[in-house]
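Comments concern the structure below.
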Amino acid sequence: MMARLARAEMPRLRQMLFVAGAVAALEAVNRLTGVSGSLLVAEIIIMMVFASSLNLLMSFGHMVSFGHAAYFGLGSYGFALAITRFDVPAEAALVFGPLLAGIGGLVFGALCVRLTEIYFAMLTLACAQITYTVLFQWYDFTGGDTGLTGFMTPRFGLSEANFASAAMVLALVCLYVLWRVVHSPLGLAIRSVGQDRYRAEALGLSPRRVQLVAFVISAFFAGVAGTLFAVFHGNAFPDYAGLGFTLDALIMVVLGGLNSFLGGVWGALVYTLLKNFVPLMTAHWELILGLILLAIVLVMPHGLAGGVKRLAGMLGWGALR
Amino acid sequence: MILVQLVNGLMEGMMLFLIASGLTLIFGVSRIINFAHGSLYMLGAFLTWQLVPLLAPGTVAGFFGAVLLSAVLVAVIGTIFEMLILRRIYGADTLMQLIITIALVFILRDAVRTIWGPNSLSVPMPDAMMGALVIGDNFFPIFPFVIFGAGLVVVLAMILVIHFTRAGILLRAATDDRGMASLLGVNEKLVFTLVFAAGCFLAGLAGGMAAPYGDVNYLLDTTVIVSAFIVCVIGGLGNLYGALAGAMVVGVTKAMGVMFFPRLAMVLIFLIMAAVLVARSLGRQAGPAR
Amino acid sequence: MTQLRSDLILTARGLRKTYGQFVALNDVNFDLRGGEKHALIGPNGAGKSTFISCVAGQLPGVEGAVLFRGRDIGSLRPHQLAHRGIGRTFQISRTFLQMTVLENMTAAYVIAADSWTSLRRRVLARQQDKAANMLRIIGLSQRAHERVLDLPLGERKRLEFGMALAGDPDLLLLDEPTAGMSIKERHHLMDFVAERIDATGKTLLFVEHDIDVVLKIASRVTVMVRGGILVEGTPAEIAANKEVQAVYLGEAH
């Protein structure tokens with residue numbers, strides 16, 4: 001009892017200070033760097049939600065999804081289609097993005113969790129490609145490769161800075177919910193199955209059921225990110241469900257650091273910054289990205305969060321997990 | 001019309017097999033999913049573009065010479081990558097292996113774009129293969145037949161190697177059971193390297209042979225790798241004959257699908273892939289061995 | 001023979017399992033009475049682990065019937081068996097290596113209470129208290145916040161045993177609990193196991209190679225050979241049995 005309290009309560013204050021500091025810093029950048037800064041901040045925040053949704057699967061459930069963009073894309077299209085095809089008011093349509101993504105996660109997830117390891121990854125890839133192809137080919141409904149555009153004023157007409165602030169609030173809510181999931185009995189179950197499905201099964205868990213729950217939660221939050229992205233740009237394209245976004249999310253999680261809650265957050269921050277600034281300096285962005293990935297795997301498999309944790313450990317603050 | 005599409009389908013199937021065979025071979029032995037396989041294919045195509053004019057432009061021998069040389073160069077590059085980097089992470093978790101090969105995708109794409117530029121290039125067919133056969137009312141371009149024939153030669157060569165040489169026996173042992181190979185006194189590292197080289201050779205070969213077929217550009221890598229995954233998964237990862245069957249299924253489905261329901265052709269193929277994977281999972285699975 | 005006695009907790013009838021040509025279990029009939037500490041012994045490949053896996057619902061394609069408290073459990077999955085009251089450990093110890101000792105035990109309690117869908121902290125806290133209590137019983141309180149990966153094998157096995165106890169099972173299946181341990185560690189672990197079993201009135205079925213441990217702990221012993229049961233009896237009977245001695249002498253190199 002005592003041990004638990006001592007460990008759980010002390011760092012909470014530090015964690016809250018850390019979050020407050022991070023939010024203040026982002027908001028300062030948002031307000032002080034003009035329109036381009038605000039756009040960048042908004043993109044970073046949306047990607048933080050997207051990457052964190054995948055991180056739940058990968059870091060805690062040990063499920064490597066190779067088609068996470070499907071749910072990002074379904075989020076965008078759920079929102080955009082509700083407005084364009086079903087005349088739902090834009091504000092109310094916000095609900096339909098995550099909802100469609102969650103339903104997609106339920107259907108595809110039910111199939112995918114029957115498999116493990118590389119076959120799981122391959123089936124998530126197939127599901128994502130099916131989603132992409134349907135969005136791409138179904139001209140009459142989804143608009144095909146021209147996507148859906150012009151159905152709303154981007155960002156509901158908010159200024160770039162105000163949109164970024166609003167997105168930040170929403171992202172904080174999402175991250176808080178994900179944090180609660182990870183630190184709840186459900187999170188413990190997800191981690192258990194991720195680490196040893198046979199042990200979890202022998203203790204009385206149905207591994208597939210746990211994995212499906214994790215999959216749907218993850219898809220739902222990817223859908224939130226996709227919806228935000230559609231609001232941000234005022235459009236939806238099949239590419240949002242394509243291999244490109246899938247790879248982005250994977251890279252963010254691995255770069256940020258596996259096995260830590262903030263991995264997706266760090267990864268989204270650093271990757272989005274690199275992606276926006278490195279190409280301005282050199283034509284060899286992809287070469288640099290490739291070398292970064294090699295370095296991550298060979299030198300620091302726990303990514304940036306692992307590095308930060310080690311640094312925090314050296315400074316004597318064990319709280320930054 | 002159906003006949004023409006069927007023939008086209010088989011032609012494309014052979015091409016797909018050439019691509020997928022290398023991927024499935026590497027997976028079968030070293031359990032590595034080489035995401036950069038499409039990039040190596042692309043590299044083979046660009047090298048062929050570079051080499052054709054240098055050798056004997058327009059001739060059949062010049063073309064195949066260029067293709068073979070490209071394949072060898074690709075194999076050399078692949079081997080260097082295997083020995084320097086990939087070797088360190090055999091046995092690490094799947095994700096890390098995937099990330100390593102994805103890193104290679106980015107590096108090769110950057111290299112290709114730096115060397116050959118962002119625009120599409122086209123490799124000329126040898127003059128002798130330009131025409132078409134006319135059978136009844138149907139036109140069959142010759143080049144795909146030549147590719148099909150060349151593909152058959154590769155398939156036969158592979159069968160010969162696998163069944164009748166010492167290397168093939170070792171390969172089968174290594175595919176079935178990795179512990180087995182080391183029992184046979186084989187240097188496991190060497191086997192992995194050679195298999196990786198062979199897989200890369202096949203990727204380069206496929207890229208070179210297909211080069212005159214369409215545009216050669218730096219976006220080939222992802223389209224090719226996705227097709228190769230589909231073929232391998234349908235055939236069963238690591239199963240060479242399965243890959244042959246899978247390639248034919250995909251080739252013919254694509255060709256037929258384009259005729260009957262063009263918009264759904266790709267969806268159909270992914271559905272087949274998903275169905276095969278789901279079928280794998282049916283039935284009760286055994287627990288841990290111990 | 002077919003009449004079930006009420007004190008039988010586990011009954012196997014005509015159990016048969018093949019792997020291709022190899023017959024791992026050949027028409028095995030087996031009875032286990034409540035409160036026994038029953039050891040399965042026999043040479044390698046005799047089918048002991050296969051038998052445990054069959055009972056634990058881990059193998060597909062098994063012929064025959066397994067009854068637990070008189071009910072057929074042959075078609076149940078391992079997680080369903082856990083909730084029916086069968087706990088187990090594995091030959092190669094299975095725990096959640098990247099989690100702390102306390103988290104491992106808490107997971108076991110959360111799962112046993114079937115409250116894994118909960119998001120509430122209070123639920124977690126309640127199970128955590130039970131887990132901390134069990135850690136005290138198995139003597140791992142000092143290790144509560146260490147990762148299992150950093151634990152020596154003996155303590156991992158002890159943790160795994162404690163996790164199997166979390167569901168308060170009636171029957172415990174231990175598949176070679178002492179594999180890979182030193183003689184001293186073996187006796188240490190198995191003395192502890194026997195003490196817990198006696199204290200809680202549970203039934204134990206375990207596979208063990210160390211004959212000294214078996215003779216000390218077990219109340220009954222079954223000897224398996226080539227997929228079948230050779231003989232069953234008290235430790236004293238088994239020790240005196242000529243056939244068993246022949247098997248073991250044949251086995252000893």
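Please note that chains go A, B, ... in the order of the structure tokens, that every chain numbers its residues from 1, and that ligands are numbered from 1 in the order shown.
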| field | chain B residues near chain A (6 Å cut-off, only C-alpha atoms) as a list in words | value |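 Only these qualify: Ile100, Ala103, Phe106, Ile107, Asp110, Arg263, Val267, Phe270 and Ser281 of chain B.
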I need the residues from that last selection saved to file as a PDB file, in the first residue's frame (with N, CA and C atoms), if you can.
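Contents of selection19.pdb, as written:
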```
ATOM      1  N   ILE B 100      14.069  -1.378 -40.635  1.00  0.00           N
ATOM      2  CA  ILE B 100      15.360  -1.367 -41.316  1.00  0.00           C
ATOM      3  C   ILE B 100      15.165  -1.402 -42.826  1.00  0.00           C
ATOM      4  N   ALA B 103      13.850   1.809 -44.105  1.00  0.00           N
ATOM      5  CA  ALA B 103      14.934   2.784 -44.211  1.00  0.00           C
ATOM      6  C   ALA B 103      15.630   2.641 -45.560  1.00  0.00           C
ATOM      7  N   PHE B 106      13.724   4.328 -48.368  1.00  0.00           N
ATOM      8  CA  PHE B 106      13.926   5.777 -48.490  1.00  0.00           C
ATOM      9  C   PHE B 106      15.297   6.091 -49.085  1.00  0.00           C
ATOM     10  N   ILE B 107      16.299   5.351 -48.629  1.00  0.00           N
ATOM     11  CA  ILE B 107      17.655   5.641 -49.093  1.00  0.00           C
ATOM     12  C   ILE B 107      17.764   5.367 -50.599  1.00  0.00           C
ATOM     13  N   ASP B 110      15.897   7.964 -52.683  1.00  0.00           N
ATOM     14  CA  ASP B 110      16.674   9.198 -52.775  1.00  0.00           C
ATOM     15  C   ASP B 110      17.812   9.043 -53.772  1.00  0.00           C
ATOM     16  N   ARG B 263     -13.598  -1.203 -61.975  1.00  0.00           N
ATOM     17  CA  ARG B 263     -13.333  -0.441 -60.755  1.00  0.00           C
ATOM     18  C   ARG B 263     -13.060  -1.336 -59.568  1.00  0.00           C
ATOM     19  N   VAL B 267      -9.817  -4.035 -55.675  1.00  0.00           N
ATOM     20  CA  VAL B 267     -10.482  -4.413 -54.429  1.00  0.00           C
ATOM     21  C   VAL B 267     -10.567  -5.925 -54.345  1.00  0.00           C
ATOM     22  N   PHE B 270      -7.339  -7.511 -53.276  1.00  0.00           N
ATOM     23  CA  PHE B 270      -7.099  -7.391 -51.837  1.00  0.00           C
ATOM     24  C   PHE B 270      -8.055  -8.264 -51.040  1.00  0.00           C
ATOM     25  N   SER B 281      -6.557 -18.443 -40.385  1.00  0.00           N
ATOM     26  CA  SER B 281      -6.817 -18.321 -38.948  1.00  0.00           C
ATOM     27  C   SER B 281      -7.951 -19.217 -38.493  1.00  0.00           C
TER      28      SER B 281
END
```
| message | Show me, as a ChimeraX atom specification, the residues of chain A whose atoms get within 10 Å of chain C, using only C-alpha atoms for the distance check. | response | /A:1,3-4,7,177,180-207,210,213,259
Would you export the selected residues with N, CA and C atoms as a short mmCIF file (atom, residue, chain, number, x, y, z; two decimals), in the first residue's frame, please?
```cif
data_model
loop_
_atom_site.label_atom_id
_atom_site.label_comp_id
_atom_site.auth_asym_id
_atom_site.auth_seq_id
_atom_site.Cartn_x
_atom_site.Cartn_y
_atom_site.Cartn_z
N MET A 1 0.82 -1.21 0.00
CA MET A 1 0.00 0.00 0.00
C MET A 1 0.85 1.27 0.00
N ALA A 3 3.95 1.60 -0.53
CA ALA A 3 4.83 1.67 -1.69
C ALA A 3 4.07 2.19 -2.90
N ARG A 4 2.82 1.71 -3.04
CA ARG A 4 2.06 2.12 -4.21
C ARG A 4 1.80 3.62 -4.16
N ARG A 7 4.77 5.77 -4.89
CA ARG A 7 5.17 5.80 -6.30
C ARG A 7 4.17 6.54 -7.17
N VAL A 177 -7.60 10.52 -22.28
CA VAL A 177 -8.38 9.27 -22.34
C VAL A 177 -7.45 8.09 -22.62
N ARG A 180 -5.57 7.22 -19.56
CA ARG A 180 -6.42 6.48 -18.63
C ARG A 180 -6.58 5.02 -19.08
N VAL A 181 -6.74 4.83 -20.37
CA VAL A 181 -6.88 3.45 -20.88
C VAL A 181 -5.64 2.65 -20.51
N VAL A 182 -4.46 3.23 -20.78
CA VAL A 182 -3.22 2.49 -20.52
C VAL A 182 -3.06 2.18 -19.04
N HIS A 183 -3.49 3.09 -18.19
CA HIS A 183 -3.29 2.90 -16.75
C HIS A 183 -4.51 2.34 -16.04
N SER A 184 -5.37 1.69 -16.78
CA SER A 184 -6.57 1.10 -16.17
C SER A 184 -6.44 -0.42 -16.20
N PRO A 185 -7.39 -1.12 -15.59
CA PRO A 185 -7.41 -2.57 -15.72
C PRO A 185 -7.39 -3.00 -17.21
N LEU A 186 -8.12 -2.27 -18.05
CA LEU A 186 -8.13 -2.60 -19.47
C LEU A 186 -6.72 -2.50 -20.06
N GLY A 187 -6.01 -1.42 -19.67
CA GLY A 187 -4.66 -1.25 -20.17
C GLY A 187 -3.76 -2.40 -19.74
N LEU A 188 -3.96 -2.83 -18.51
CA LEU A 188 -3.16 -3.95 -17.99
C LEU A 188 -3.45 -5.21 -18.82
N ALA A 189 -4.72 -5.40 -19.16
CA ALA A 189 -5.10 -6.56 -19.98
C ALA A 189 -4.47 -6.47 -21.37
N ILE A 190 -4.51 -5.27 -21.95
CA ILE A 190 -3.92 -5.09 -23.29
C ILE A 190 -2.43 -5.38 -23.25
N ARG A 191 -1.76 -4.88 -22.21
CA ARG A 191 -0.32 -5.13 -22.09
C ARG A 191 -0.04 -6.61 -21.87
N SER A 192 -0.88 -7.24 -21.05
CA SER A 192 -0.68 -8.66 -20.77
C SER A 192 -0.71 -9.48 -22.05
N VAL A 193 -1.75 -9.27 -22.83
CA VAL A 193 -1.88 -10.04 -24.07
C VAL A 193 -0.72 -9.70 -25.01
N GLY A 194 -0.33 -8.42 -25.01
CA GLY A 194 0.77 -8.02 -25.88
C GLY A 194 2.07 -8.72 -25.51
N GLN A 195 2.27 -8.96 -24.22
CA GLN A 195 3.56 -9.53 -23.82
C GLN A 195 3.58 -11.04 -23.86
N ASP A 196 2.49 -11.67 -23.50
CA ASP A 196 2.47 -13.13 -23.56
C ASP A 196 1.02 -13.61 -23.64
N ARG A 197 0.58 -13.85 -24.87
CA ARG A 197 -0.83 -14.16 -25.04
C ARG A 197 -1.19 -15.49 -24.37
N TYR A 198 -0.24 -16.41 -24.28
CA TYR A 198 -0.57 -17.71 -23.69
C TYR A 198 -0.74 -17.61 -22.18
N ARG A 199 0.12 -16.81 -21.58
CA ARG A 199 -0.01 -16.60 -20.15
C ARG A 199 -1.34 -15.91 -19.86
N ALA A 200 -1.65 -14.88 -20.65
CA ALA A 200 -2.90 -14.14 -20.45
C ALA A 200 -4.09 -15.07 -20.62
N GLU A 201 -4.00 -15.95 -21.59
CA GLU A 201 -5.10 -16.88 -21.87
C GLU A 201 -5.25 -17.86 -20.70
N ALA A 202 -4.11 -18.36 -20.22
CA ALA A 202 -4.17 -19.32 -19.13
C ALA A 202 -4.72 -18.68 -17.85
N LEU A 203 -4.58 -17.35 -17.75
CA LEU A 203 -5.12 -16.66 -16.58
C LEU A 203 -6.61 -16.39 -16.72
N GLY A 204 -7.12 -16.50 -17.97
CA GLY A 204 -8.55 -16.32 -18.15
C GLY A 204 -8.97 -15.20 -19.08
N LEU A 205 -8.03 -14.72 -19.91
CA LEU A 205 -8.37 -13.68 -20.88
C LEU A 205 -8.53 -14.29 -22.26
N SER A 206 -9.50 -13.82 -23.00
CA SER A 206 -9.57 -14.19 -24.41
C SER A 206 -8.71 -13.19 -25.18
N PRO A 207 -7.54 -13.62 -25.66
CA PRO A 207 -6.62 -12.65 -26.27
C PRO A 207 -7.25 -11.87 -27.41
N VAL A 210 -9.54 -9.02 -26.21
CA VAL A 210 -8.78 -7.87 -25.70
C VAL A 210 -8.16 -7.09 -26.86
N VAL A 213 -10.73 -4.98 -28.66
CA VAL A 213 -11.07 -3.76 -27.94
C VAL A 213 -9.98 -2.71 -28.17
N ASN A 259 7.19 1.41 -26.40
CA ASN A 259 7.06 1.08 -24.99
C ASN A 259 7.03 2.29 -24.08
#
```
| message | Counting only C-alpha atoms, which residue out of C:Lys242, C:Lys48, C:Arg13, C:His38 sits closest to chain B? | response | C:Lys48
| task | May I ask you to extract the residues of chain C within 8 Å of chain B, using only C-alpha atoms, and to give them as a PyMOL selection string? | result | chain C and resi 49+53+58-60+90-92
Could you write out that same residue set with C-alpha atoms as a PDB file, in the first residue's frame?
```
ATOM      1  CA  SER C  49       3.354 -32.406 -21.262  1.00  0.00           C
ATOM      2  CA  SER C  53      -1.781 -29.411 -22.606  1.00  0.00           C
ATOM      3  CA  GLN C  58      -4.250 -25.967 -25.499  1.00  0.00           C
ATOM      4  CA  LEU C  59      -4.258 -28.647 -28.194  1.00  0.00           C
ATOM      5  CA  PRO C  60      -6.523 -29.005 -31.217  1.00  0.00           C
ATOM      6  CA  PHE C  90       4.193 -23.582 -18.298  1.00  0.00           C
ATOM      7  CA  GLN C  91       7.302 -25.667 -18.792  1.00  0.00           C
ATOM      8  CA  ILE C  92       9.191 -22.609 -19.970  1.00  0.00           C
TER       9      ILE C  92
END
```
| CA of Gly9 in chain B and CA of Ile32 in chain B, how far apart in Å? |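 For CA of Ile32 in chain B relative to CA of Gly9 in chain B, the distance reads 29.0 Å.
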| query | Quick one: residues within 6 Å of range 28-35 of chain C, only C-alpha atoms counted, chain neighbours fewer than 4 positions away excluded, as a PyMOL selection string? | reply | chain C and resi 7-15+201-203+228
Would you write out those residues with C-alpha atoms, as an mmCIF file, in the first residue's frame?
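Result file follows (result-v8.cif):
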```
data_model
loop_
_atom_site.group_PDB
_atom_site.id
_atom_site.type_symbol
_atom_site.label_atom_id
_atom_site.label_comp_id
_atom_site.auth_asym_id
_atom_site.auth_seq_id
_atom_site.Cartn_x
_atom_site.Cartn_y
_atom_site.Cartn_z
ATOM 1 C CA ASP C 7 -14.467 -37.140 -5.166
ATOM 2 C CA LEU C 8 -12.974 -37.259 -8.683
ATOM 3 C CA ILE C 9 -12.026 -33.753 -9.759
ATOM 4 C CA LEU C 10 -10.574 -34.657 -13.136
ATOM 5 C CA THR C 11 -11.262 -37.635 -15.355
ATOM 6 C CA ALA C 12 -9.790 -38.450 -18.758
ATOM 7 C CA ARG C 13 -11.233 -41.230 -20.888
ATOM 8 C CA GLY C 14 -9.728 -42.583 -24.098
ATOM 9 C CA LEU C 15 -7.491 -39.573 -24.618
ATOM 10 C CA GLY C 201 -6.981 -27.559 0.029
ATOM 11 C CA LYS C 202 -6.425 -27.391 -3.715
ATOM 12 C CA THR C 203 -5.571 -30.257 -6.039
ATOM 13 C CA GLY C 228 0.336 -44.463 -22.228
#
```
| Pairwise distance for CA of Leu156 in chain B and CA of Leu205 in chain B, rounded to one decimal in Å | 15.2 Å
| said: For a quick check of understanding, using only C-alpha atoms, which of C:Ala218, C:Val101, C:Val247, C:Val193 has the smallest distance to Gly233 in chain C? | reply: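 Selected residue with least distance to Gly233 in chain C: C:Ala218.
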| request: Write out as an NGL selection string all residues of range 62-237 of chain C that DSSP puts in alpha helix (DSSP H) for this structure's backbone. | output: :C and (78-84 or 101-112 or 121-137 or 153-166 or 183-200 or 211-217 or 235-237)
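Counting from CA of Ala225 in chain A, the distance to CA of Gly75 in chain A is 7.2 Å.
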| task | Write out as a list in words which residues come within 12 Å of Ala179 in chain C when counting only C-alpha atoms, dropping same-chain ones fewer than 4 positions away. | result |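 Here the answer would be Arg290 of chain B; Thr89, Phe90, Gln91, Ile92, Ser93, Leu153, Gly154, Lys157, Leu174, Asp175, Ile183, Glu185, Arg186, His187, Leu189, Met190, Phe206, Val207, Glu208, His209 and Asp210 of chain C.
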| note | Between B:Leu108, B:Leu160, B:Val191, B:Val249, smallest distance to Leu43 in chain B by only C-alpha atoms belongs to B:Leu108
| said: Report as JSON, numbers by chain all protein, DNA and RNA residues lying within 12 Å of Phe140 in chain B, evaluated on only C-alpha atoms, omitting residues in the same chain fewer than 4 positions from it. | reply: {"B": [1, 3, 4, 5, 6, 7, 8, 11, 129, 130, 131, 132, 133, 134, 135, 136, 144, 145, 146]}
Those same residues - N, CA and C atoms - I'd like them written as a short mmCIF file (atom, residue, chain, number, x, y, z; two decimals), in the first residue's frame.
```cif
data_model
loop_
_atom_site.label_atom_id
_atom_site.label_comp_id
_atom_site.auth_asym_id
_atom_site.auth_seq_id
_atom_site.Cartn_x
_atom_site.Cartn_y
_atom_site.Cartn_z
N MET B 1 -11.68 -12.07 -77.05
CA MET B 1 -11.40 -11.00 -76.09
C MET B 1 -11.02 -11.60 -74.73
N LEU B 3 -9.89 -14.53 -74.29
CA LEU B 3 -8.62 -15.22 -74.49
C LEU B 3 -7.46 -14.24 -74.38
N VAL B 4 -7.62 -13.10 -75.05
CA VAL B 4 -6.56 -12.09 -75.00
C VAL B 4 -6.29 -11.69 -73.54
N GLN B 5 -7.37 -11.44 -72.79
CA GLN B 5 -7.20 -11.03 -71.39
C GLN B 5 -6.57 -12.14 -70.56
N LEU B 6 -6.95 -13.38 -70.87
CA LEU B 6 -6.39 -14.50 -70.13
C LEU B 6 -4.88 -14.57 -70.36
N VAL B 7 -4.53 -14.44 -71.65
CA VAL B 7 -3.09 -14.46 -71.98
C VAL B 7 -2.38 -13.30 -71.29
N ASN B 8 -2.99 -12.11 -71.34
CA ASN B 8 -2.40 -10.96 -70.66
C ASN B 8 -2.23 -11.23 -69.17
N MET B 11 0.65 -13.48 -68.54
CA MET B 11 1.90 -12.74 -68.74
C MET B 11 2.21 -11.91 -67.50
N MET B 129 11.67 -7.65 -81.00
CA MET B 129 10.52 -8.03 -80.17
C MET B 129 9.40 -7.02 -80.26
N MET B 130 9.50 -6.10 -81.22
CA MET B 130 8.55 -5.01 -81.28
C MET B 130 7.18 -5.41 -81.78
N GLY B 131 7.13 -6.41 -82.69
CA GLY B 131 5.90 -6.70 -83.41
C GLY B 131 4.83 -7.37 -82.59
N ALA B 132 3.83 -7.87 -83.31
CA ALA B 132 2.76 -8.60 -82.64
C ALA B 132 2.41 -9.82 -83.46
N LEU B 133 1.97 -10.85 -82.78
CA LEU B 133 1.47 -12.03 -83.48
C LEU B 133 -0.01 -11.80 -83.76
N VAL B 134 -0.43 -12.20 -84.95
CA VAL B 134 -1.85 -12.08 -85.26
C VAL B 134 -2.44 -13.49 -85.32
N ILE B 135 -3.34 -13.78 -84.40
CA ILE B 135 -4.00 -15.08 -84.42
C ILE B 135 -5.48 -14.81 -84.54
N GLY B 136 -6.06 -15.18 -85.69
CA GLY B 136 -7.45 -14.83 -85.95
C GLY B 136 -7.58 -13.31 -85.94
N PRO B 144 5.65 -9.46 -74.44
CA PRO B 144 5.20 -10.19 -73.24
C PRO B 144 5.47 -11.69 -73.33
N PHE B 145 5.36 -12.25 -74.55
CA PHE B 145 5.65 -13.67 -74.69
C PHE B 145 7.11 -13.97 -74.37
N VAL B 146 7.96 -13.08 -74.84
CA VAL B 146 9.39 -13.27 -74.57
C VAL B 146 9.63 -13.23 -73.07
#
```
| query | If you count only C-alpha atoms, which residues fall within 10 Å of Ala110 in chain A, apart from same-chain ones fewer than 5 positions away, as an NGL selection string? | reply | :A and (104-105 or 115 or 208-209 or 211-213 or 215-216)
| field | Selection near Gly226 in chain A, 10 Å with only C-alpha atoms, sequence-local residues under 2 positions removed, as a ChimeraX atom specification | value | /A:46-47,49-50,69-79,97-98,101,220-224,228-232,236,240-241
